[in-house]
$ cat model06.json   # JSON, C-alpha atoms
[["chain", "number", "residue", "atom", "x", "y", "z"],
["A", 1, "MET", "CA", -50.04, -72.95, 22.88],
["A", 2, "ASN", "CA", -53.81, -73.49, 23.15],
["A", 3, "TYR", "CA", -53.49, -73.44, 26.93],
["A", 4, "PRO", "CA", -54.17, -69.77, 27.83],
["A", 5, "ARG", "CA", -51.90, -69.67, 30.88],
["A", 6, "ALA", "CA", -48.97, -70.86, 28.76],
["A", 7, "ARG", "CA", -49.17, -67.55, 26.92],
["A", 8, "LEU", "CA", -48.97, -65.43, 30.07],
["A", 9, "ILE", "CA", -45.55, -64.23, 31.26],
["A", 10, "VAL", "CA", -45.25, -62.44, 34.59],
["A", 11, "ALA", "CA", -42.49, -59.88, 34.93],
["A", 12, "LEU", "CA", -40.81, -60.25, 38.32],
["A", 13, "ASP", "CA", -40.32, -56.52, 38.74],
["A", 14, "VAL", "CA", -39.58, -56.79, 42.45],
["A", 15, "PRO", "CA", -36.63, -55.59, 44.54],
["A", 16, "ASP", "CA", -35.03, -58.83, 45.72],
["A", 17, "ARG", "CA", -34.88, -62.62, 45.77],
["A", 18, "VAL", "CA", -37.29, -63.00, 48.68],
["A", 19, "ALA", "CA", -39.99, -60.99, 46.90],
["A", 20, "ALA", "CA", -39.33, -62.78, 43.62],
["A", 21, "LEU", "CA", -39.64, -66.27, 45.08],
["A", 22, "ALA", "CA", -42.73, -65.24, 47.04],
["A", 23, "ALA", "CA", -44.34, -64.11, 43.78],
["A", 24, "VAL", "CA", -43.35, -67.36, 42.08],
["A", 25, "GLY", "CA", -44.93, -69.29, 44.93],
["A", 26, "LYS", "CA", -48.20, -67.36, 44.67],
["A", 27, "LEU", "CA", -48.40, -67.61, 40.89],
["A", 28, "SER", "CA", -47.15, -71.14, 40.23],
["A", 29, "GLY", "CA", -49.76, -72.92, 38.12],
["A", 30, "HIS", "CA", -51.44, -69.63, 37.18],
["A", 31, "VAL", "CA", -48.93, -68.40, 34.58],
["A", 32, "GLY", "CA", -46.67, -70.00, 32.00],
["A", 33, "THR", "CA", -43.35, -68.22, 32.50],
["A", 34, "PHE", "CA", -41.60, -65.87, 34.90],
["A", 35, "LYS", "CA", -39.57, -63.01, 33.49],
["A", 36, "VAL", "CA", -36.34, -62.12, 35.28],
["A", 37, "GLY", "CA", -35.29, -58.65, 34.22],
["A", 38, "LEU", "CA", -32.20, -56.51, 34.52],
["A", 39, "GLU", "CA", -32.84, -55.01, 37.97],
["A", 40, "ILE", "CA", -33.41, -58.26, 39.84],
["A", 41, "PHE", "CA", -30.73, -60.13, 37.87],
["A", 42, "VAL", "CA", -28.08, -57.53, 38.69],
["A", 43, "ARG", "CA", -29.02, -57.77, 42.37],
["A", 44, "GLU", "CA", -29.41, -61.53, 42.71],
["A", 45, "GLY", "CA", -27.52, -63.01, 39.78],
["A", 46, "PRO", "CA", -27.88, -66.46, 38.20],
["A", 47, "ARG", "CA", -28.77, -68.05, 41.54],
["A", 48, "LEU", "CA", -32.29, -66.66, 41.34],
["A", 49, "VAL", "CA", -32.82, -68.13, 37.88],
["A", 50, "GLU", "CA", -31.54, -71.48, 39.10],
["A", 51, "GLU", "CA", -33.93, -71.42, 42.07],
["A", 52, "ILE", "CA", -36.93, -70.65, 39.89],
["A", 53, "ARG", "CA", -35.95, -73.37, 37.43],
["A", 54, "ALA", "CA", -35.48, -75.82, 40.33],
["A", 55, "ARG", "CA", -39.16, -75.31, 41.14],
["A", 56, "GLY", "CA", -40.03, -76.53, 37.65],
["A", 57, "GLU", "CA", -40.94, -73.09, 36.33],
["A", 58, "ASN", "CA", -40.08, -71.55, 32.97],
["A", 59, "VAL", "CA", -37.81, -68.49, 32.94],
["A", 60, "PHE", "CA", -37.60, -65.65, 30.46],
["A", 61, "LEU", "CA", -34.26, -63.89, 31.03],
["A", 62, "ASP", "CA", -34.77, -60.33, 29.85],
["A", 63, "LEU", "CA", -31.30, -58.77, 29.71],
["A", 64, "LYS", "CA", -31.60, -57.07, 26.31],
["A", 65, "LEU", "CA", -28.02, -57.95, 25.38],
["A", 66, "HIS", "CA", -26.34, -55.27, 23.29],
["A", 67, "ASP", "CA", -22.56, -55.36, 22.86],
["A", 68, "ILE", "CA", -19.91, -56.47, 20.38],
["A", 69, "PRO", "CA", -20.65, -59.88, 18.79],
["A", 70, "ASN", "CA", -18.05, -61.87, 20.73],
["A", 71, "THR", "CA", -19.23, -60.52, 24.09],
["A", 72, "VAL", "CA", -22.88, -61.19, 23.33],
["A", 73, "ALA", "CA", -22.08, -64.71, 22.13],
["A", 74, "GLY", "CA", -20.33, -65.42, 25.43],
["A", 75, "ALA", "CA", -23.25, -64.03, 27.40],
["A", 76, "VAL", "CA", -25.68, -66.18, 25.43],
["A", 77, "ARG", "CA", -23.62, -69.32, 26.15],
["A", 78, "SER", "CA", -23.66, -68.49, 29.87],
["A", 79, "ALA", "CA", -27.41, -67.87, 29.83],
["A", 80, "CYS", "CA", -28.06, -71.14, 28.03],
["A", 81, "ARG", "CA", -26.37, -73.04, 30.86],
["A", 82, "LEU", "CA", -29.11, -71.79, 33.19],
["A", 83, "GLY", "CA", -31.78, -73.75, 31.31],
["A", 84, "ILE", "CA", -33.88, -70.71, 30.47],
["A", 85, "GLN", "CA", -36.68, -70.73, 27.92],
["A", 86, "MET", "CA", -36.33, -67.20, 26.48],
["A", 87, "LEU", "CA", -33.56, -64.58, 26.20],
["A", 88, "THR", "CA", -33.64, -61.03, 24.81],
["A", 89, "LEU", "CA", -31.18, -59.17, 22.61],
["A", 90, "HIS", "CA", -31.37, -55.66, 21.18],
["A", 91, "ALA", "CA", -32.00, -55.77, 17.45],
["A", 92, "ALA", "CA", -30.15, -52.45, 17.21],
["A", 93, "GLY", "CA", -26.94, -54.35, 17.99],
["A", 94, "GLY", "CA", -26.76, -55.21, 14.30],
["A", 95, "LYS", "CA", -26.79, -58.31, 12.15],
["A", 96, "LYS", "CA", -23.33, -59.61, 13.12],
["A", 97, "MET", "CA", -24.19, -59.42, 16.81],
["A", 98, "LEU", "CA", -27.53, -61.16, 16.25],
["A", 99, "GLU", "CA", -25.90, -63.92, 14.18],
["A", 100, "ALA", "CA", -23.26, -64.46, 16.87],
["A", 101, "ALA", "CA", -26.02, -64.84, 19.45],
["A", 102, "ARG", "CA", -27.88, -67.27, 17.21],
["A", 103, "ASP", "CA", -24.79, -69.39, 16.64],
["A", 104, "ALA", "CA", -23.98, -69.50, 20.36],
["A", 105, "ALA", "CA", -27.51, -70.59, 21.22],
["A", 106, "THR", "CA", -27.58, -73.21, 18.47],
["A", 107, "ALA", "CA", -24.32, -74.75, 19.71],
["A", 108, "SER", "CA", -25.56, -74.98, 23.31],
["A", 109, "ASP", "CA", -27.09, -78.09, 24.84],
["A", 110, "HIS", "CA", -30.14, -76.08, 25.90],
["A", 111, "ARG", "CA", -31.31, -73.58, 23.29],
["A", 112, "PRO", "CA", -33.73, -70.88, 24.44],
["A", 113, "LEU", "CA", -35.97, -68.87, 22.17],
["A", 114, "LEU", "CA", -33.96, -65.78, 21.26],
["A", 115, "LEU", "CA", -36.05, -62.63, 21.14],
["A", 116, "ALA", "CA", -34.98, -59.43, 19.44],
["A", 117, "VAL", "CA", -36.18, -56.25, 21.13],
["A", 118, "THR", "CA", -37.14, -53.59, 18.63],
["A", 119, "ALA", "CA", -38.37, -50.34, 20.23],
["A", 120, "LEU", "CA", -38.93, -50.18, 23.98],
["A", 121, "THR", "CA", -42.59, -49.77, 24.87],
["A", 122, "SER", "CA", -41.71, -46.79, 27.07],
["A", 123, "LEU", "CA", -40.61, -44.77, 24.03],
["A", 124, "SER", "CA", -43.01, -42.16, 22.70],
["A", 125, "GLN", "CA", -42.70, -40.72, 19.19],
["A", 126, "GLU", "CA", -40.98, -37.69, 20.70],
["A", 127, "ASP", "CA", -38.42, -39.98, 22.37],
["A", 128, "ILE", "CA", -37.76, -41.76, 19.08],
["A", 129, "SER", "CA", -37.21, -38.44, 17.30],
["A", 130, "ASN", "CA", -34.87, -37.24, 20.05],
["A", 131, "ILE", "CA", -32.74, -40.37, 19.64],
["A", 132, "GLY", "CA", -32.24, -39.33, 16.03],
["A", 133, "VAL", "CA", -34.32, -41.99, 14.29],
["A", 134, "PRO", "CA", -35.73, -40.30, 11.16],
["A", 135, "MET", "CA", -38.97, -42.29, 11.08],
["A", 136, "SER", "CA", -42.00, -43.11, 13.18],
["A", 137, "ALA", "CA", -42.18, -46.10, 15.52],
["A", 138, "GLY", "CA", -43.90, -48.42, 13.05],
["A", 139, "PRO", "CA", -41.31, -48.24, 10.22],
["A", 140, "TRP", "CA", -38.46, -48.32, 12.75],
["A", 141, "VAL", "CA", -39.80, -51.48, 14.34],
["A", 142, "GLU", "CA", -40.34, -52.98, 10.88],
["A", 143, "ARG", "CA", -36.73, -52.28, 9.90],
["A", 144, "LEU", "CA", -35.27, -53.70, 13.11],
["A", 145, "SER", "CA", -37.50, -56.76, 13.03],
["A", 146, "GLY", "CA", -36.55, -57.50, 9.43],
["A", 147, "LEU", "CA", -32.89, -57.28, 10.37],
["A", 148, "ALA", "CA", -33.39, -59.70, 13.27],
["A", 149, "VAL", "CA", -35.32, -62.25, 11.26],
["A", 150, "SER", "CA", -32.74, -62.13, 8.46],
["A", 151, "ALA", "CA", -30.12, -62.98, 11.11],
["A", 152, "GLY", "CA", -32.01, -66.11, 12.13],
["A", 153, "ILE", "CA", -33.68, -64.79, 15.28],
["A", 154, "GLU", "CA", -36.97, -66.62, 15.79],
["A", 155, "GLY", "CA", -38.83, -64.22, 18.06],
["A", 156, "LEU", "CA", -39.50, -60.53, 18.49],
["A", 157, "VAL", "CA", -40.49, -58.22, 21.31],
["A", 158, "ALA", "CA", -42.56, -55.24, 20.22],
["A", 159, "SER", "CA", -45.39, -53.07, 21.45],
["A", 160, "PRO", "CA", -49.04, -54.05, 20.88],
["A", 161, "LEU", "CA", -49.36, -51.30, 18.28],
["A", 162, "GLU", "CA", -46.89, -52.99, 15.93],
["A", 163, "LEU", "CA", -48.48, -56.43, 16.28],
["A", 164, "PRO", "CA", -50.65, -56.39, 13.12],
["A", 165, "LEU", "CA", -47.72, -55.16, 11.02],
["A", 166, "LEU", "CA", -45.34, -57.83, 12.30],
["A", 167, "ARG", "CA", -47.81, -60.70, 12.01],
["A", 168, "SER", "CA", -48.68, -59.63, 8.47],
["A", 169, "LYS", "CA", -45.01, -59.31, 7.50],
["A", 170, "PHE", "CA", -43.72, -62.56, 9.00],
["A", 171, "GLY", "CA", -46.78, -64.77, 9.30],
["A", 172, "GLN", "CA", -46.48, -67.61, 11.81],
["A", 173, "ARG", "CA", -42.75, -68.22, 11.35],
["A", 174, "ILE", "CA", -41.79, -66.03, 14.31],
["A", 175, "LYS", "CA", -42.98, -65.79, 17.91],
["A", 176, "LEU", "CA", -44.24, -62.42, 19.09],
["A", 177, "VAL", "CA", -43.80, -61.52, 22.76],
["A", 178, "ILE", "CA", -45.72, -58.43, 23.73],
["A", 179, "PRO", "CA", -45.13, -56.26, 26.82],
["A", 180, "GLY", "CA", -47.14, -53.16, 27.62],
["A", 181, "ILE", "CA", -50.23, -55.25, 28.41],
["A", 182, "ARG", "CA", -52.72, -53.55, 30.69],
["A", 183, "PRO", "CA", -55.95, -55.30, 31.70],
["A", 184, "SER", "CA", -59.13, -53.25, 31.63],
["A", 185, "GLY", "CA", -58.99, -50.54, 34.29],
["A", 186, "ALA", "CA", -55.23, -50.77, 34.91],
["A", 187, "ALA", "CA", -53.08, -47.64, 34.72],
["A", 188, "ALA", "CA", -50.60, -47.29, 31.84],
["A", 189, "GLN", "CA", -47.85, -46.20, 34.30],
["A", 190, "ASP", "CA", -44.56, -45.78, 32.37],
["A", 191, "GLN", "CA", -45.74, -47.58, 29.24],
["A", 192, "SER", "CA", -46.63, -45.42, 26.22],
["A", 193, "ARG", "CA", -47.88, -48.03, 23.74],
["A", 194, "THR", "CA", -50.24, -50.46, 25.49],
["A", 195, "ALA", "CA", -53.15, -52.83, 24.80],
["A", 196, "GLN", "CA", -55.58, -55.03, 26.66],
["A", 197, "PRO", "CA", -54.87, -58.80, 26.71],
["A", 198, "ALA", "CA", -57.69, -59.98, 24.43],
["A", 199, "ASP", "CA", -56.92, -57.31, 21.84],
["A", 200, "ALA", "CA", -53.25, -58.28, 21.73],
["A", 201, "ILE", "CA", -54.07, -61.97, 21.29],
["A", 202, "ARG", "CA", -56.55, -61.22, 18.50],
["A", 203, "ALA", "CA", -53.88, -59.12, 16.79],
["A", 204, "GLY", "CA", -51.48, -62.09, 16.75],
["A", 205, "ALA", "CA", -49.49, -62.10, 20.00],
["A", 206, "ASP", "CA", -48.03, -65.45, 21.05],
["A", 207, "TYR", "CA", -47.10, -64.37, 24.58],
["A", 208, "LEU", "CA", -48.17, -61.47, 26.79],
["A", 209, "VAL", "CA", -45.93, -59.92, 29.43],
["A", 210, "VAL", "CA", -47.68, -58.48, 32.49],
["A", 211, "GLY", "CA", -46.02, -57.20, 35.64],
["A", 212, "ARG", "CA", -47.47, -54.70, 38.07],
["A", 213, "PRO", "CA", -51.16, -55.29, 37.26],
["A", 214, "ILE", "CA", -50.66, -58.83, 38.59],
["A", 215, "LEU", "CA", -47.97, -58.37, 41.24],
["A", 216, "GLN", "CA", -49.61, -55.34, 42.83],
["A", 217, "ALA", "CA", -53.12, -56.81, 42.81],
["A", 218, "PRO", "CA", -54.69, -57.73, 46.19],
["A", 219, "ASP", "CA", -54.82, -61.32, 44.93],
["A", 220, "PRO", "CA", -52.09, -61.86, 42.29],
["A", 221, "ALA", "CA", -53.26, -65.39, 41.40],
["A", 222, "ALA", "CA", -56.82, -64.18, 40.81],
["A", 223, "ALA", "CA", -55.52, -61.29, 38.70],
["A", 224, "ALA", "CA", -53.50, -63.73, 36.58],
["A", 225, "ASP", "CA", -56.53, -65.99, 36.22],
["A", 226, "ARG", "CA", -58.63, -63.10, 34.95],
["A", 227, "ILE", "CA", -56.05, -62.33, 32.29],
["A", 228, "ALA", "CA", -55.90, -66.01, 31.33],
["A", 229, "GLU", "CA", -59.68, -65.91, 30.93],
["A", 230, "GLU", "CA", -59.36, -62.91, 28.62],
["A", 231, "ILE", "CA", -56.76, -64.80, 26.59],
["A", 232, "ALA", "CA", -59.04, -67.87, 26.43],
["A", 233, "HIS", "CA", -61.94, -65.75, 25.23],
["A", 234, "ALA", "CA", -59.79, -64.20, 22.51],
["A", 235, "LEU", "CA", -58.45, -67.61, 21.42],
["A", 236, "SER", "CA", -61.98, -68.92, 21.02],
["A", 237, "GLY", "CA", -62.56, -66.42, 18.22],
["A", 238, "PRO", "CA", -62.50, -67.41, 14.54],
["A", 239, "GLY", "CA", -59.08, -68.06, 13.02],
["A", 240, "LEU", "CA", -57.18, -68.04, 16.31],
["A", 241, "HIS", "CA", -55.31, -70.96, 17.86]]
$ encode --input "model06.json" --output "structure tokens"
Amino acid sequence: MNYPRARLIVALDVPDRVAALAAVGKLSGHVGTFKVGLEIFVREGPRLVEEIRARGENVFLDLKLHDIPNTVAGAVRSACRLGIQMLTLHAAGGKKMLEAARDAATASDHRPLLLAVTALTSLSQEDISNIGVPMSAGPWVERLSGLAVSAGIEGLVASPLELPLLRSKFGQRIKLVIPGIRPSGAAAQDQSRTAQPADAIRAGADYLVVGRPILQAPDPAAAADRIAEEIAHALSGPGLH
């Protein structure tokens, strides 16, 4: 994990397979993992994941599974057969669902890092209140993350703002994957709780997820390299590794 590019995940938020594979081609060697999300997976299916893996690249399958335990367990088994490195679940699915996912992954020949999603980074405090959650984002994320870790989930997805809390609560025993990363000068777009790459790494992030600031840059590889340089600078600080 000392290699800065290994910590950088690019979200393939593109409309189709052609655009996704073109992005992979441009960014191969510049990032550690490619994230395949719900939109592109629904359009292209497992074939796209298989093609990216066939190129020797790591895949983070971000489907945010949230269903009854048996259904989620079956979905996890299917995902594991694709040889992915990471897979997301919604922590709000409850402990039984999370445990079923854990057991399915453990029994598979290829076990990805399971990541529990706490609160989506697009949610503002007003959104959280409208859902009916009687607490602010921080305590809500803390409750959901504690539930996930107690169920044996080894990684969490949370906004940069909850990073210090989660690292303090769980130490180094979990992996923290952080979306909502915006390099200096980039627009927040539809993200409400964001941070710059170096700040997130200093706060304890293991992996950073970046999409549009890289994919929409005039030179995506150069944009990824600049973020990797920010990560490297942050890692060179005292107490970081």
$ residues_around --input "model06.json" --residues "Leu147 in chain A" --least-positions-apart "6" --cutoff "12 Å" --atoms "only C-alpha atoms" --output "list in words"
His90, Ala91, Ala92, Gly93, Gly94, Lys95, Lys96, Met97, Leu98, Glu99, Ala116, Val117, Thr118, Trp140, Val141, Ile153, Glu154, Gly155 and Leu156 of chain A
$ write_last_selection --input "model06.json" --atoms "C-alpha atoms" --output "compact mmCIF listing (two decimals), in the coordinates of the input"
# COMPACT_ATOMS: atom_id res chain seq x y z
CA HIS A 90 -31.37 -55.66 21.18
CA ALA A 91 -32.00 -55.77 17.45
CA ALA A 92 -30.15 -52.45 17.21
CA GLY A 93 -26.94 -54.35 17.99
CA GLY A 94 -26.76 -55.21 14.30
CA LYS A 95 -26.79 -58.31 12.15
CA LYS A 96 -23.33 -59.61 13.12
CA MET A 97 -24.19 -59.42 16.81
CA LEU A 98 -27.53 -61.16 16.25
CA GLU A 99 -25.90 -63.92 14.18
CA ALA A 116 -34.98 -59.43 19.44
CA VAL A 117 -36.18 -56.25 21.13
CA THR A 118 -37.14 -53.59 18.63
CA TRP A 140 -38.46 -48.32 12.75
CA VAL A 141 -39.80 -51.48 14.34
CA ILE A 153 -33.68 -64.79 15.28
CA GLU A 154 -36.97 -66.62 15.79
CA GLY A 155 -38.83 -64.22 18.06
CA LEU A 156 -39.50 -60.53 18.49
$ atom_distance --input "model06.json" --atom1 "CA of Thr33 in chain A" --atom2 "CA of Leu82 in chain A"
14.7 Å
$ closest_residue --input "model06.json" --among "A:Pro218, A:Gly25, A:Pro4, A:Pro112" --to "Ile84 in chain A" --atoms "all atoms listed in the file"
A:Pro112
$ residues_around --input "model06.json" --residues "Glu162 in chain A" --least-positions-apart "2" --cutoff "9 Å" --atoms "all atoms listed in the file" --output "ChimeraX atom specification"
/A:137-138,141-142,158-160,164-167
$ write_last_selection --input "model06.json" --atoms "C-alpha atoms" --output "mmCIF file, keeping the file's coordinate frame"
data_model
loop_
_atom_site.group_PDB
_atom_site.id
_atom_site.type_symbol
_atom_site.label_atom_id
_atom_site.label_comp_id
_atom_site.auth_asym_id
_atom_site.auth_seq_id
_atom_site.Cartn_x
_atom_site.Cartn_y
_atom_site.Cartn_z
ATOM 1 C CA ALA A 137 -42.180 -46.100 15.520
ATOM 2 C CA GLY A 138 -43.900 -48.420 13.050
ATOM 3 C CA VAL A 141 -39.800 -51.480 14.340
ATOM 4 C CA GLU A 142 -40.340 -52.980 10.880
ATOM 5 C CA ALA A 158 -42.560 -55.240 20.220
ATOM 6 C CA SER A 159 -45.390 -53.070 21.450
ATOM 7 C CA PRO A 160 -49.040 -54.050 20.880
ATOM 8 C CA PRO A 164 -50.650 -56.390 13.120
ATOM 9 C CA LEU A 165 -47.720 -55.160 11.020
ATOM 10 C CA LEU A 166 -45.340 -57.830 12.300
ATOM 11 C CA ARG A 167 -47.810 -60.700 12.010
#
$ residues_near_point --input "model06.json" --point "(-57.7, -67.7, 38.7)" --cutoff "12 Å" --atoms "only C-alpha atoms" --output "PyMOL selection string"
chain A and resi 4-5+26-31+214+219-230
$ atom_distance --input "model06.json" --atom1 "CA of Ile231 in chain A" --atom2 "CA of Asn58 in chain A"
19.1 Å
$ atom_distance --input "model06.json" --atom1 "CA of Met135 in chain A" --atom2 "CA of Ala119 in chain A"
12.2 Å
$ closest_residue --input "model06.json" --among "A:Ala100, A:Leu21, A:Val36, A:Ala200" --to "Lys64 in chain A" --atoms "all atoms listed in the file"
A:Val36
$ residues_around --input "model06.json" --residues "range 48-57 of chain A" --least-positions-apart "2" --cutoff "12 Å" --atoms "all atoms listed in the file" --output "PyMOL selection string"
chain A and resi 6+9-10+12+16-25+27-37+40-46+59-62+79-86
$ residues_around --input "model06.json" --residues "range 105-107 of chain A" --least-positions-apart "3" --cutoff "8 Å" --atoms "all atoms listed in the file" --output "MDAnalysis selection string"
chainID A and resid 76:77 80 101:102 110:112
$ closest_residue --input "model06.json" --among "A:Ser150, A:Ser129, A:Ser236, A:Ser136" --to "Arg202 in chain A" --atoms "all atoms listed in the file"
A:Ser236
$ closest_atom_pairs --input "model06.json" --of "range 100-153 of chain A" --to "range 171-181 of chain A" --cutoff "9 Å" --atoms "all atoms listed in the file" --output "CSV"
residue,atom,partner,partner_atom,distance
A:Leu113,CA,A:Lys175,CA,8.8
A:Leu115,CA,A:Val177,CA,8.0
A:Thr121,CA,A:Gly180,CA,6.3
A:Ser122,CA,A:Gly180,CA,8.4
A:Val149,CA,A:Ile174,CA,8.1
A:Ile153,CA,A:Ile174,CA,8.3
$ closest_residue --input "model06.json" --among "A:Arg143, A:Arg7, A:Arg212, A:His66" --to "Pro197 in chain A" --atoms "all atoms listed in the file"
A:Arg7
